[in-house]
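Here is the structure we will look at, set down as structure tokens.
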Amino acid sequence: MKTQVLACLLAFTLAGTGRSLASDPGSIVVDTLLVRPVCLAGTIIGSALFLVSLPIAVTSKSVHRSAHALVAMPAYATFRRPLGNIDWNDHESPNDNQKKDSPKTEPTRGE
């Protein structure tokens with residue numbers, strides 16, 4: 001219990017530092033030993049939740065949104081994020097290119 005509380009406090013402390021510690025050896029060690037395993041567990045749990053919610057997502061036509069939130073983002077944080085960079089939201093995430101490139105159009109009403 002004591003170790004878990006210390007690990008959480010350390011992770012929260014480093015989470016606010018962002019890019020400034022990206023090349024710090026201590027940040028890389030914490031990322032490797034604490035943050036990546038938690039992100040991997042999040043990827044596995046998110047994938048399981050995605051499979052469970054897939055029938056609902058298909059009927060509501062939100063498969064891409066749920067896949068992005070439950071699988072792609074945790075997988076990005078686990079495997080693609082630069083080592084030691086705890087603030088992974090600053091980097092381009094999966095499907096960001098599609099969002100930037102797609103034109104924003106409003107639905108038009110039929111005349």
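By order in the structure tokens, chains are A, B, ...; within a chain, residues start at 1; ligands start at 1, following the order shown.
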Contacts of Ser47 of chain A within 12 Å, only C-alpha atoms, excl. fewer than 2 positions in-chain, as a list in words: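 Close residues of Ser47 of chain A: Leu40, Ala41, Gly42, Thr43, Ile44, Ile45, Leu49, Phe50, Leu51, Val52, Ser53, Leu54, Ser66, Ala67, His68, Ala69, Leu70, Val71, Ala72, Met73, Pro74 and Ala75 of chain A.
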Atom-to-atom span, atom CA of Gly46 of chain A and atom CA of Gly84 of chain A, Å: 22.8 Å
Within 12 Å of Pro25 of chain A using only C-alpha atoms, minus same-chain residues under 6 positions, as a VMD selection string: chain A and resid 31 to 32 83 to 85
Any chance you could export the current selection's C-alpha atoms as a JSON list (two decimals), in the first residue's frame?
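Saved as out_37.json:
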[["chain", "number", "residue", "atom", "x", "y", "z"],
["A", 31, "ASP", "CA", 8.11, 6.32, -17.35],
["A", 32, "THR", "CA", 9.64, 2.91, -18.01],
["A", 83, "LEU", "CA", 10.13, 7.76, -23.65],
["A", 84, "GLY", "CA", 10.25, 10.05, -20.64],
["A", 85, "ASN", "CA", 7.60, 12.43, -21.95]]
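Between atom CA of Pro37 of chain A and atom CA of Arg80 of chain A the separation is 13.8 Å.
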Distance in Å - atom CA of Arg81 of chain A versus atom CA of Val29 of chain A: 14.5 Å
